[in-house]
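Visitor: This is start17.txt, which holds compact mmCIF, C-alpha atoms and all ligand atoms:
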# COMPACT_ATOMS: atom_id res chain seq x y z
CA MET B 1 5.63 14.60 -5.40
CA SER B 2 3.14 17.39 -5.94
CA THR B 3 0.19 18.81 -4.14
CA MET B 4 -2.87 20.66 -5.35
CA GLU B 5 -3.85 21.93 -1.91
CA SER B 6 -3.74 25.60 -2.80
CA VAL B 7 -5.88 25.31 -5.96
CA LYS B 8 -9.57 25.94 -5.27
CA ARG B 9 -10.88 23.89 -8.17
CA TYR B 10 -9.08 21.13 -10.05
CA ALA B 11 -9.57 17.67 -11.52
CA VAL B 12 -7.70 14.40 -11.70
CA VAL B 13 -8.03 12.04 -14.64
CA THR B 14 -7.10 8.49 -13.69
CA GLU B 15 -6.98 5.15 -15.50
CA SER B 16 -8.46 3.24 -12.56
CA TYR B 17 -9.03 3.77 -8.84
CA PHE B 18 -9.94 2.25 -5.48
CA ASP B 19 -12.55 4.32 -3.66
CA GLY B 20 -11.79 2.93 -0.18
CA ASP B 21 -14.21 0.05 -0.65
CA GLN B 22 -14.45 -0.88 -4.34
CA HIS B 23 -12.06 -1.14 -7.25
CA HIS B 24 -13.14 0.86 -10.33
CA THR B 25 -11.85 -0.29 -13.72
CA GLY B 26 -12.89 0.43 -17.30
CA GLY B 27 -11.78 4.08 -17.08
CA PRO B 28 -10.53 6.66 -17.64
CA PHE B 29 -12.36 8.51 -14.87
CA THR B 30 -12.45 12.20 -14.06
CA ILE B 31 -12.55 13.26 -10.41
CA VAL B 32 -13.44 16.91 -9.75
CA ILE B 33 -12.39 18.64 -6.52
CA GLU B 34 -13.72 22.01 -5.37
CA HIS B 35 -12.62 23.74 -2.17
CA GLY B 36 -11.21 20.50 -0.80
CA LYS B 37 -14.29 18.43 -1.54
CA ILE B 38 -14.83 15.84 -4.24
CA THR B 39 -17.81 17.09 -6.24
CA ALA B 40 -17.92 14.56 -9.08
CA THR B 41 -16.51 11.22 -10.18
CA VAL B 42 -17.44 10.54 -13.80
CA VAL B 43 -16.53 7.93 -16.39
CA GLY B 44 -14.43 9.32 -19.22
CA ASP B 45 -11.67 11.84 -19.70
CA SER B 46 -13.17 15.35 -19.37
CA SER B 47 -9.83 17.20 -19.57
CA GLN B 48 -10.66 19.11 -22.76
CA ASP B 49 -13.89 20.53 -21.31
CA LEU B 50 -12.22 21.33 -18.02
CA CYS B 51 -9.26 23.03 -19.69
CA LYS B 52 -11.67 25.30 -21.58
CA GLN B 53 -13.08 26.32 -18.19
CA ASN B 54 -9.52 26.96 -16.94
CA ILE B 55 -9.75 24.14 -14.44
CA PRO B 56 -6.33 22.52 -14.00
CA VAL B 57 -6.22 18.79 -14.68
CA GLN B 58 -3.67 16.33 -13.40
CA LYS B 59 -3.25 12.84 -14.89
CA ALA B 60 -2.74 9.74 -12.75
CA ALA B 61 -2.38 6.03 -13.43
CA PHE B 62 -4.16 5.05 -10.22
CA ILE B 63 -5.62 6.87 -7.23
CA MET B 64 -6.87 5.73 -3.83
CA PRO B 65 -7.57 7.25 -0.37
CA GLY B 66 -4.57 8.22 1.77
CA LEU B 67 -3.25 5.30 3.80
CA VAL B 68 -3.88 4.73 7.50
CA GLU B 69 -1.12 3.50 9.84
CA ALA B 70 -2.99 1.96 12.76
CA HIS B 71 -0.09 1.22 15.09
CA SER B 72 2.90 3.52 15.32
CA HIS B 73 5.27 4.94 17.93
CA LEU B 74 6.17 8.28 16.45
CA PHE B 75 8.85 9.17 19.01
CA LEU B 76 10.91 6.08 18.11
CA ASP B 77 13.19 5.63 15.10
CA GLY B 78 12.72 2.05 13.86
CA GLY B 79 15.85 2.39 11.76
CA LEU B 80 18.01 2.82 14.87
CA LEU B 81 19.31 -0.74 15.10
CA GLU B 82 22.07 -0.70 17.70
CA PHE B 83 20.69 -1.76 21.10
CA ASN B 84 22.82 0.59 23.22
CA ALA B 85 21.85 3.51 20.99
CA ARG B 86 18.16 2.57 21.38
CA ASN B 87 18.52 2.53 25.17
CA ASP B 88 20.45 5.80 25.25
CA TYR B 89 17.81 7.43 23.10
CA LEU B 90 15.22 6.99 25.87
CA ASN B 91 17.21 9.67 27.77
CA ALA B 92 17.26 12.08 24.82
CA SER B 93 15.83 15.59 25.18
CA GLY B 94 12.25 16.39 24.24
CA GLU B 95 13.48 18.49 21.31
CA GLU B 96 15.58 15.59 20.00
CA MET B 97 12.59 13.26 20.21
CA LEU B 98 10.38 15.78 18.47
CA THR B 99 12.90 15.94 15.62
CA VAL B 100 12.71 12.14 15.29
CA ALA B 101 8.91 12.35 15.28
CA ARG B 102 8.99 15.01 12.53
CA ASN B 103 11.19 12.77 10.40
CA ASN B 104 8.82 9.88 11.03
CA ILE B 105 5.85 11.99 9.93
CA ALA B 106 7.74 12.90 6.74
CA ALA B 107 8.55 9.23 6.05
CA ASN B 108 4.89 8.30 6.54
CA HIS B 109 3.73 11.09 4.27
CA ALA B 110 6.17 10.06 1.54
CA ALA B 111 4.75 6.53 1.79
CA GLY B 112 1.22 7.85 1.20
CA VAL B 113 0.05 7.81 4.83
CA THR B 114 -2.38 10.59 5.80
CA LEU B 115 -3.65 9.26 9.16
CA ILE B 116 -1.61 7.68 11.96
CA VAL B 117 -2.57 6.24 15.33
CA ASP B 118 0.20 6.61 17.86
CA ALA B 119 0.08 3.66 20.23
CA GLY B 120 1.65 5.23 23.28
CA ASP B 121 4.70 7.12 24.54
CA ARG B 122 5.39 8.32 28.08
CA TYR B 123 7.30 11.39 26.86
CA GLY B 124 4.31 13.13 25.32
CA VAL B 125 5.95 13.43 21.91
CA ASN B 126 2.84 11.85 20.37
CA HIS B 127 0.64 14.70 21.69
CA ASP B 128 3.15 17.35 20.57
CA ILE B 129 3.46 15.98 17.06
CA ARG B 130 -0.34 15.63 16.82
CA HIS B 131 -0.55 19.34 17.53
CA GLU B 132 1.96 20.44 14.90
CA SER B 133 1.57 17.90 12.05
CA ARG B 134 -0.31 19.30 9.05
CA SER B 135 0.42 16.83 6.22
CA VAL B 136 -0.61 13.82 8.28
CA THR B 137 -3.41 13.64 10.86
CA VAL B 138 -2.27 12.04 14.11
CA ARG B 139 -4.49 10.32 16.67
CA SER B 140 -2.60 10.13 19.93
CA ALA B 141 -3.21 7.81 22.87
CA GLY B 142 -0.85 9.74 25.12
CA TRP B 143 0.05 7.36 27.96
CA ALA B 144 -1.03 3.72 27.93
CA LEU B 145 -2.04 1.78 31.07
CA ARG B 146 0.01 -1.02 32.61
CA ARG B 147 0.50 -2.87 35.90
CA PRO B 148 3.30 -1.73 38.24
CA GLY B 149 6.60 -3.28 37.24
CA ARG B 150 5.22 -5.01 34.15
CA TYR B 151 6.07 -4.55 30.46
CA GLY B 152 5.43 -1.17 28.83
CA GLY B 153 7.64 1.29 30.73
CA PHE B 154 8.41 3.46 27.68
CA MET B 155 4.74 4.05 26.89
CA ALA B 156 2.54 3.38 29.92
CA ARG B 157 1.73 4.63 33.39
CA GLU B 158 1.27 2.20 36.26
CA VAL B 159 -2.14 1.54 37.81
CA GLY B 160 -3.08 -0.70 40.72
CA SER B 161 -6.48 -0.35 42.40
CA ARG B 162 -9.79 0.33 40.65
CA ASP B 163 -9.73 3.91 41.91
CA GLU B 164 -6.31 4.37 40.40
CA ILE B 165 -7.48 2.84 37.13
CA ALA B 166 -10.55 5.08 36.98
CA SER B 167 -8.66 8.27 37.75
CA ALA B 168 -5.88 7.38 35.29
CA ILE B 169 -8.41 6.84 32.51
CA HIS B 170 -10.04 10.18 33.29
CA ALA B 171 -6.68 11.95 33.29
CA ILE B 172 -5.58 10.29 30.04
CA GLY B 173 -8.99 10.88 28.48
CA GLU B 174 -8.63 14.64 28.86
CA THR B 175 -6.12 14.74 26.04
CA ALA B 176 -6.08 11.29 24.37
CA ASP B 177 -8.02 10.20 21.27
CA ASP B 178 -8.01 6.50 22.22
CA LEU B 179 -7.07 4.37 25.24
CA LYS B 180 -4.12 2.02 24.90
CA VAL B 181 -3.85 -0.83 27.40
CA ILE B 182 -0.83 -3.08 27.87
CA LEU B 183 -2.40 -6.44 28.67
CA THR B 184 0.53 -8.82 28.21
CA GLY B 185 4.30 -8.77 27.90
CA ILE B 186 6.14 -9.20 24.64
CA ILE B 187 7.10 -12.52 23.08
CA ASP B 188 10.09 -14.31 24.59
CA PHE B 189 11.62 -15.36 21.26
CA LYS B 190 14.08 -17.75 22.90
CA ALA B 191 11.32 -19.63 24.67
CA GLY B 192 8.93 -19.12 21.74
CA LEU B 193 6.05 -17.94 23.96
CA VAL B 194 4.66 -15.07 26.02
CA LYS B 195 5.77 -15.30 29.64
CA GLY B 196 3.74 -14.24 32.66
CA GLU B 197 0.04 -13.85 33.41
CA PRO B 198 -1.96 -11.08 31.71
CA GLN B 199 -1.53 -7.75 33.51
CA PHE B 200 -5.31 -7.38 34.02
CA ASP B 201 -7.99 -10.04 34.52
CA VAL B 202 -11.37 -10.11 32.73
CA GLU B 203 -13.15 -8.09 35.41
CA GLU B 204 -10.48 -5.42 35.53
CA LEU B 205 -10.18 -5.12 31.77
CA SER B 206 -13.99 -5.02 31.40
CA PHE B 207 -13.99 -2.16 33.90
CA ILE B 208 -11.31 -0.36 31.86
CA VAL B 209 -13.29 -0.85 28.62
CA SER B 210 -16.51 0.48 30.19
CA GLN B 211 -14.78 3.49 31.78
CA ALA B 212 -13.16 4.31 28.45
CA ARG B 213 -16.47 3.98 26.56
CA GLU B 214 -18.14 6.37 28.98
CA LEU B 215 -15.55 8.93 27.92
CA GLY B 216 -16.00 8.06 24.26
CA LEU B 217 -12.61 6.37 23.97
CA ARG B 218 -12.08 3.12 22.13
CA THR B 219 -9.67 0.62 23.72
CA PHE B 220 -6.82 -0.88 21.76
CA VAL B 221 -4.91 -3.49 23.60
CA HIS B 222 -1.34 -4.78 23.37
CA CYS B 223 -1.89 -8.51 23.63
CA SER B 224 -0.13 -11.70 22.59
CA GLY B 225 -0.50 -15.26 23.85
CA VAL B 226 -3.55 -17.43 24.51
CA ALA B 227 -4.11 -16.30 28.12
CA GLY B 228 -4.12 -12.62 27.15
CA LEU B 229 -6.31 -13.18 24.10
CA ASP B 230 -8.87 -14.99 26.32
CA VAL B 231 -9.03 -11.94 28.60
CA ALA B 232 -9.11 -9.31 25.83
CA ILE B 233 -11.95 -11.03 23.98
CA ALA B 234 -13.99 -11.74 27.12
CA ALA B 235 -13.64 -8.05 28.10
CA GLY B 236 -14.85 -6.93 24.65
CA VAL B 237 -12.01 -4.56 23.74
CA ASP B 238 -12.27 -2.64 20.47
CA SER B 239 -9.01 -3.83 18.96
CA ILE B 240 -6.34 -6.44 19.62
CA GLU B 241 -2.85 -5.26 18.69
CA HIS B 242 -0.19 -7.84 17.72
CA GLY B 243 -2.21 -10.93 18.75
CA PHE B 244 0.58 -13.45 18.28
CA PHE B 245 -0.33 -17.07 19.14
CA MET B 246 -3.86 -16.43 17.85
CA THR B 247 -6.18 -19.46 17.53
CA GLY B 248 -9.19 -20.20 15.33
CA ASP B 249 -11.52 -20.05 18.35
CA HIS B 250 -10.27 -16.59 19.27
CA LEU B 251 -10.84 -15.41 15.71
CA LYS B 252 -14.39 -16.78 15.66
CA SER B 253 -15.23 -14.86 18.83
CA MET B 254 -13.59 -11.72 17.44
CA ALA B 255 -15.66 -11.99 14.25
CA ASP B 256 -18.85 -12.45 16.34
CA GLN B 257 -18.07 -9.44 18.52
CA GLY B 258 -16.59 -7.26 15.79
CA ILE B 259 -13.23 -6.95 17.56
CA ALA B 260 -10.58 -5.63 15.16
CA TRP B 261 -7.14 -7.19 14.76
CA VAL B 262 -3.95 -5.28 13.98
CA PRO B 263 -1.47 -8.14 13.52
CA THR B 264 1.81 -6.09 13.22
CA VAL B 265 3.86 -8.80 11.52
CA SER B 266 6.82 -6.46 10.98
CA PRO B 267 8.59 -6.42 14.38
CA VAL B 268 8.76 -10.21 14.62
CA ASN B 269 9.60 -10.63 10.95
CA PHE B 270 12.51 -8.21 11.36
CA GLN B 271 14.01 -10.47 14.05
CA LEU B 272 13.65 -13.38 11.65
CA GLN B 273 15.31 -11.46 8.78
CA ARG B 274 18.19 -10.06 10.88
CA PRO B 275 18.81 -12.63 13.69
CA GLU B 276 22.49 -11.65 13.94
CA LEU B 277 21.63 -8.23 15.40
CA ALA B 278 20.21 -9.69 18.61
CA GLY B 279 22.39 -12.82 18.35
CA TRP B 280 19.46 -15.24 18.06
CA ASP B 281 20.55 -18.89 17.93
CA GLU B 282 19.19 -21.53 15.55
CA GLN B 283 16.44 -22.65 17.91
CA THR B 284 15.23 -19.07 18.32
CA VAL B 285 15.27 -18.49 14.55
CA ALA B 286 13.17 -21.66 14.20
CA ASN B 287 10.74 -20.21 16.78
CA LEU B 288 10.58 -16.91 14.87
CA ARG B 289 9.90 -18.71 11.59
CA ARG B 290 7.12 -20.77 13.21
CA ILE B 291 5.56 -17.69 14.85
CA VAL B 292 5.53 -15.63 11.63
CA GLY B 293 4.21 -18.57 9.56
CA SER B 294 1.42 -19.23 12.04
CA HIS B 295 0.60 -15.51 12.17
CA LEU B 296 0.12 -15.36 8.37
CA ARG B 297 -2.13 -18.44 8.46
CA HIS B 298 -4.27 -16.82 11.14
CA ILE B 299 -4.47 -13.58 9.14
CA ALA B 300 -5.91 -15.63 6.26
CA MET B 301 -8.34 -17.32 8.66
CA ALA B 302 -9.35 -13.93 10.09
CA ALA B 303 -10.20 -12.65 6.62
CA ASP B 304 -12.28 -15.76 5.89
CA LEU B 305 -14.18 -15.45 9.18
CA GLY B 306 -14.82 -11.73 8.71
CA VAL B 307 -12.64 -10.41 11.53
CA PRO B 308 -12.06 -6.69 10.85
CA LEU B 309 -8.37 -6.76 9.88
CA VAL B 310 -6.57 -3.43 10.12
CA ALA B 311 -3.05 -2.71 8.86
CA GLY B 312 -0.53 -1.38 11.36
CA SER B 313 3.20 -1.93 11.53
CA ASP B 314 4.35 -1.06 15.08
CA ALA B 315 6.74 1.39 13.40
CA GLY B 316 9.45 2.59 15.76
CA SER B 317 10.08 -0.93 17.04
CA HIS B 318 13.53 -2.42 16.39
CA GLY B 319 14.01 -2.50 12.60
CA VAL B 320 10.46 -1.30 11.83
CA ARG B 321 10.84 1.88 9.75
CA HIS B 322 8.03 4.42 9.58
CA GLY B 323 6.19 4.50 6.27
CA GLU B 324 7.79 1.59 4.45
CA ALA B 325 6.88 -0.89 7.21
CA LEU B 326 3.17 -0.19 6.67
CA ILE B 327 3.56 -1.25 3.04
CA ASP B 328 5.40 -4.35 4.29
CA GLU B 329 2.28 -5.15 6.33
CA LEU B 330 0.18 -4.91 3.17
CA ASP B 331 2.60 -7.33 1.51
CA PHE B 332 2.18 -9.71 4.46
CA PHE B 333 -1.60 -9.52 4.04
CA SER B 334 -1.13 -10.35 0.34
CA ALA B 335 1.27 -13.17 1.18
CA ALA B 336 -1.38 -14.57 3.53
CA GLY B 337 -3.67 -14.77 0.51
CA LEU B 338 -5.91 -11.72 0.93
CA PRO B 339 -7.15 -10.22 -2.36
CA MET B 340 -5.95 -6.67 -3.09
CA ASP B 341 -9.34 -5.01 -2.48
CA GLU B 342 -9.42 -6.53 1.01
CA VAL B 343 -5.81 -5.49 1.62
CA LEU B 344 -6.63 -1.90 0.64
CA ARG B 345 -9.79 -1.75 2.79
CA SER B 346 -7.65 -2.65 5.82
CA VAL B 347 -5.49 0.44 5.25
CA THR B 348 -8.14 2.99 4.18
CA SER B 349 -11.88 2.99 4.90
CA ARG B 350 -12.07 0.25 7.55
CA PRO B 351 -9.92 1.88 10.22
CA ARG B 352 -11.38 5.34 9.49
CA MET B 353 -14.96 4.12 9.87
CA ARG B 354 -14.20 2.10 13.00
CA TRP B 355 -12.61 5.13 14.62
CA GLY B 356 -15.44 7.42 13.63
CA VAL B 357 -13.28 9.80 11.61
CA GLY B 358 -14.25 10.91 8.09
CA ALA B 359 -14.39 7.86 5.81
CA ALA B 360 -12.27 9.64 3.15
CA LEU B 361 -13.94 7.62 0.41
CA LEU B 362 -13.08 8.64 -3.12
CA ALA B 363 -16.64 9.66 -3.91
CA ALA B 364 -18.68 12.79 -4.51
CA GLY B 365 -19.46 14.66 -1.29
CA GLN B 366 -16.34 13.42 0.53
CA THR B 367 -13.39 15.49 1.68
CA ALA B 368 -10.44 15.09 -0.69
CA ASP B 369 -7.74 12.96 0.94
CA PHE B 370 -6.23 10.73 -1.70
CA ILE B 371 -2.96 9.75 -3.31
CA ALA B 372 -1.79 8.87 -6.82
CA LEU B 373 0.36 5.83 -7.58
CA LYS B 374 2.61 5.18 -10.56
CA GLY B 375 0.45 2.18 -11.48
CA SER B 376 -2.33 -0.02 -10.17
CA PRO B 377 -1.49 -2.25 -7.18
CA PHE B 378 -4.12 -4.63 -8.57
CA GLU B 379 -1.66 -5.22 -11.44
CA ASN B 380 1.46 -5.13 -9.29
CA PRO B 381 1.56 -4.59 -5.49
CA ARG B 382 4.96 -2.91 -5.93
CA PHE B 383 3.15 0.23 -7.08
CA LEU B 384 2.14 0.73 -3.42
CA ARG B 385 5.75 1.87 -3.01
CA SER B 386 5.62 4.55 -5.72
CA ILE B 387 3.45 7.45 -4.62
CA THR B 388 3.46 10.23 -7.22
CA ALA B 389 1.09 12.82 -5.71
CA HIS B 390 -1.04 13.77 -2.71
CA PHE B 391 -4.44 15.42 -3.04
CA GLN B 392 -5.59 16.74 0.32
CA HIS B 393 -8.05 19.42 1.33
CA ASP B 394 -6.49 22.64 2.42
CA THR B 395 -6.28 22.45 6.19
CA ASN B 396 -5.53 26.16 6.62
ZN ZN Q 401 3.42 -0.90 19.77
Since I need it in another form, could you write the structure as structure tokens?

Guide:
Amino acid sequence: MSTMESVKRYAVVTESYFDGDQHHTGGPFTIVIEHGKITATVVGDSSQDLCKQNIPVQKAAFIMPGLVEAHSHLFLDGGLLEFNARNDYLNASGEEMLTVARNNIAANHAAGVTLIVDAGDRYGVNHDIRHESRSVTVRSAGWALRRPGRYGGFMAREVGSRDEIASAIHAIGETADDLKVILTGIIDFKAGLVKGEPQFDVEELSFIVSQARELGLRTFVHCSGVAGLDVAIAAGVDSIEHGFFMTGDHLKSMADQGIAWVPTVSPVNFQLQRPELAGWDEQTVANLRRIVGSHLRHIAMAADLGVPLVAGSDAGSHGVRHGEALIDELDFFSAAGLPMDEVLRSVTSRPRMRWGVGAALLAAGQTADFIALKGSPFENPRFLRSITAHFQHDTN
């Protein structure tokens, strides 16, 4: 892996590329970068000219914008599989957790990720790592919101009355980039459903969304199950995270309202792949298979309806490893039938534009934030797992 960060002026000659929106073939193409900005993208190989001008040129088979991980818990190690060890870890020191987060940043960077949204942690590791990470930009939600005694203890603070909700949002908003809300519990795999009523009703969640908007925060909401999806959509949240037990009607409303969906297939699929770890019985494995199958069908439906699909893995969850799990999500999108250009939009320009950060398009005038792959994922999706170089603007 190499980086050209310290060179003021350089060029990359590539066979083909994805600019964040469109696939460009019929190359080679020459991309010129000056002081961290892309200044030209031209058809043809200009290396000879550039070499005469002493401008260094790097060759690549395929380039595309740096990847975006839309749902991550940076303080958690997804590769830590033993349940007692996972529980013990929640009592680890801040320094220990920060070390885990640093390793997770490194794993993301190696996988080609240059922007991560952390979806909540009560220990503040997400804010700390946001502050120190240079290779990867981190958006941090800080604390999420939840109801007293309900699911989300490791990432959320409890709120009851409206006053409490309003003051919590103001407190969180002082340091957070986005507002995470825990609307439902997690899936009960044994029962094959989400138990319990949503933590907030439509009025309460609408209030949360409006308070957050006043502070310029988008709301992304942990939500699975029909009852929760009804509430999240009626309240007009910005993004539904997980969204298991999705229906066609929900997706139609989401398309109409422009509500994004981050389906996070990985955590449930891991339980299906390794049922012996949790000791799932045959009936539960059948539930898991049904839930994952239905999820992929709804991802395909979402793409057809025009729901803004965004790739996020829920890395840090049991068995969900930072970096590689995001590429797994892209494979799930492909398995659902999405064409590669749509898969790549979900992990590059779409999340960046929705979150109002620089689009990072591979085009003249844009800040350089792109990666090289060993080959084109349009020829073979496996190339998404072989990153050969990063080209990022110098952040110093
Ligand atoms: Zn999560």

Visitor: Between B:Arg321, B:Arg162, B:Arg122, B:Lys195, which has the minimum distance to B:Leu80 (counting only C-alpha atoms)?

Guide: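 Nearest to B:Leu80: B:Arg321.
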
Visitor: So which one's closest to ligand ZN 401 (chain Q), B:Thr284, B:Asn91, B:Ser72, B:Ser253? Using all atoms listed in the file, please.

Guide: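 Among the listed residues, the smallest separation from ligand ZN 401 (chain Q) belongs to B:Ser72.
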
Visitor: Counting all atoms listed in the file, which of B:Ile38, B:Leu50, B:Ala168, B:Ala315 gets nearest to B:Pro65?

Guide: B:Ile38

Visitor: Can you tell me which residues surround stretch 205-207 of chain B at a distance of at most 9 Å, considering all atoms listed in the file, apart from same-chain residues fewer than 6 positions away, and format the answer as a PyMOL selection string?

Guide: chain B and resi 162+165-166+181+183+231-232+234-237

Visitor: Using the selection just defined, write its residues with C-alpha atoms as an mmCIF file, in the coordinates of the input.

Guide:
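Output file part09.cif is given in full below:
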data_model
loop_
_atom_site.group_PDB
_atom_site.id
_atom_site.type_symbol
_atom_site.label_atom_id
_atom_site.label_comp_id
_atom_site.auth_asym_id
_atom_site.auth_seq_id
_atom_site.Cartn_x
_atom_site.Cartn_y
_atom_site.Cartn_z
ATOM 1 C CA ARG B 162 -9.790 0.330 40.650
ATOM 2 C CA ILE B 165 -7.480 2.840 37.130
ATOM 3 C CA ALA B 166 -10.550 5.080 36.980
ATOM 4 C CA VAL B 181 -3.850 -0.830 27.400
ATOM 5 C CA LEU B 183 -2.400 -6.440 28.670
ATOM 6 C CA VAL B 231 -9.030 -11.940 28.600
ATOM 7 C CA ALA B 232 -9.110 -9.310 25.830
ATOM 8 C CA ALA B 234 -13.990 -11.740 27.120
ATOM 9 C CA ALA B 235 -13.640 -8.050 28.100
ATOM 10 C CA GLY B 236 -14.850 -6.930 24.650
ATOM 11 C CA VAL B 237 -12.010 -4.560 23.740
#

Visitor: List all protein, DNA and RNA residues that have any atom at most 7 Å from ligand ZN 401 (chain Q), counting all atoms listed in the file, and write the list as a ChimeraX atom specification.

Guide: /B:71-73,119,314

Visitor: With only C-alpha atoms as the atoms that count, which of B:Glu69, B:Asp188, B:Asp249, B:Glu204 lies nearest to B:Glu324?

Guide: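 Under the stated criterion, the closest residue is B:Glu69.
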
Visitor: Which residues come within 9 Å of B:Leu217, counting all atoms listed in the file, excluding same-chain residues fewer than 2 positions away, as a PyMOL selection string?

Guide: chain B and resi 173+176-179+209+211-215+219

Visitor: Return the single residue from B:Phe270, B:Trp261, B:Trp355, B:Trp143 that is closest to B:Ala302, with distances computed using only C-alpha atoms.

Guide: B:Trp261

Visitor: If you count only C-alpha atoms, which residues fall within 12 Å of B:Ser167, apart from same-chain ones fewer than 4 positions away, as a count of residues only?

Guide: 15

Visitor: Can you sort out the box for stretch 377-391 of chain B, edges along x, y and z, all listed atoms in, 4 Å on every side, with centre and edge lengths in Å to one decimal, as JSON?

Guide:
{"center_x": 0.7, "center_y": 5.1, "center_z": -7.1, "size_x": 18.2, "size_y": 28.6, "size_z": 16.7}

Visitor: Looking at all atoms listed in the file, which of B:Gly66, B:Gly36, B:Gly216, B:Gly312 is the one that sits closest to B:Asp19?

Guide: B:Gly66

Visitor: How many Å separate atom CA of B:Ala61 from atom CA of B:Gly323?

Guide: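 Atom CA of B:Gly323 lies 21.5 Å from atom CA of B:Ala61.
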
Visitor: Quick check, in Å to one decimal: how far apart do atom CA of B:Thr264 and atom CA of B:Ile116 lie?

Guide: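 Those two atoms sit 14.2 Å apart.
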
Visitor: So which residues touch B:Pro377 within 12 Å, counting all atoms listed in the file, skipping near sequence neighbours fewer than 2 positions away, as a ChimeraX atom specification?

Guide: /B:16-18,23,61-64,327,330-331,334,339-341,343-344,372-375,379-387

Visitor: Do you have the atom CA of B:His318-atom CA of B:Gly149 distance handy?

Guide: 22.0 Å

Visitor: From the structure block, carefully write stretch 21-34 of chain B out with N, CA and C atoms; format it as a compact mmCIF listing (two decimals), in the first residue's frame.

Guide:
# COMPACT_ATOMS: atom_id res chain seq x y z
N ASP B 21 -20.29 8.12 -9.19
CA ASP B 21 -21.63 8.05 -9.78
C ASP B 21 -21.65 7.20 -11.05
N GLN B 22 -20.63 7.40 -11.90
CA GLN B 22 -20.60 6.73 -13.20
C GLN B 22 -19.33 5.90 -13.38
N HIS B 23 -19.49 4.84 -14.18
CA HIS B 23 -18.38 3.96 -14.52
C HIS B 23 -17.76 4.46 -15.83
N HIS B 24 -16.44 4.68 -15.84
CA HIS B 24 -15.76 5.16 -17.05
C HIS B 24 -14.91 4.04 -17.63
N THR B 25 -15.22 3.64 -18.86
CA THR B 25 -14.44 2.60 -19.53
C THR B 25 -13.88 3.19 -20.83
N GLY B 26 -13.10 2.39 -21.55
CA GLY B 26 -12.53 2.88 -22.80
C GLY B 26 -11.31 3.75 -22.54
N GLY B 27 -10.60 3.46 -21.44
CA GLY B 27 -9.39 4.21 -21.08
C GLY B 27 -8.21 3.80 -21.93
N PRO B 28 -7.00 4.08 -21.55
CA PRO B 28 -6.63 4.61 -20.22
C PRO B 28 -7.05 6.06 -20.00
N PHE B 29 -7.03 6.44 -18.73
CA PHE B 29 -7.34 7.81 -18.32
C PHE B 29 -6.19 8.34 -17.45
N THR B 30 -5.96 9.63 -17.55
CA THR B 30 -4.95 10.25 -16.68
C THR B 30 -5.66 11.22 -15.74
N ILE B 31 -5.41 11.04 -14.45
CA ILE B 31 -5.99 11.90 -13.41
C ILE B 31 -4.84 12.71 -12.82
N VAL B 32 -4.96 14.04 -12.84
CA VAL B 32 -3.89 14.89 -12.31
C VAL B 32 -4.33 15.48 -10.97
N ILE B 33 -3.44 15.42 -9.99
CA ILE B 33 -3.74 15.92 -8.65
C ILE B 33 -2.70 16.99 -8.27
N GLU B 34 -3.18 18.15 -7.84
CA GLU B 34 -2.27 19.22 -7.41
C GLU B 34 -2.73 19.73 -6.06
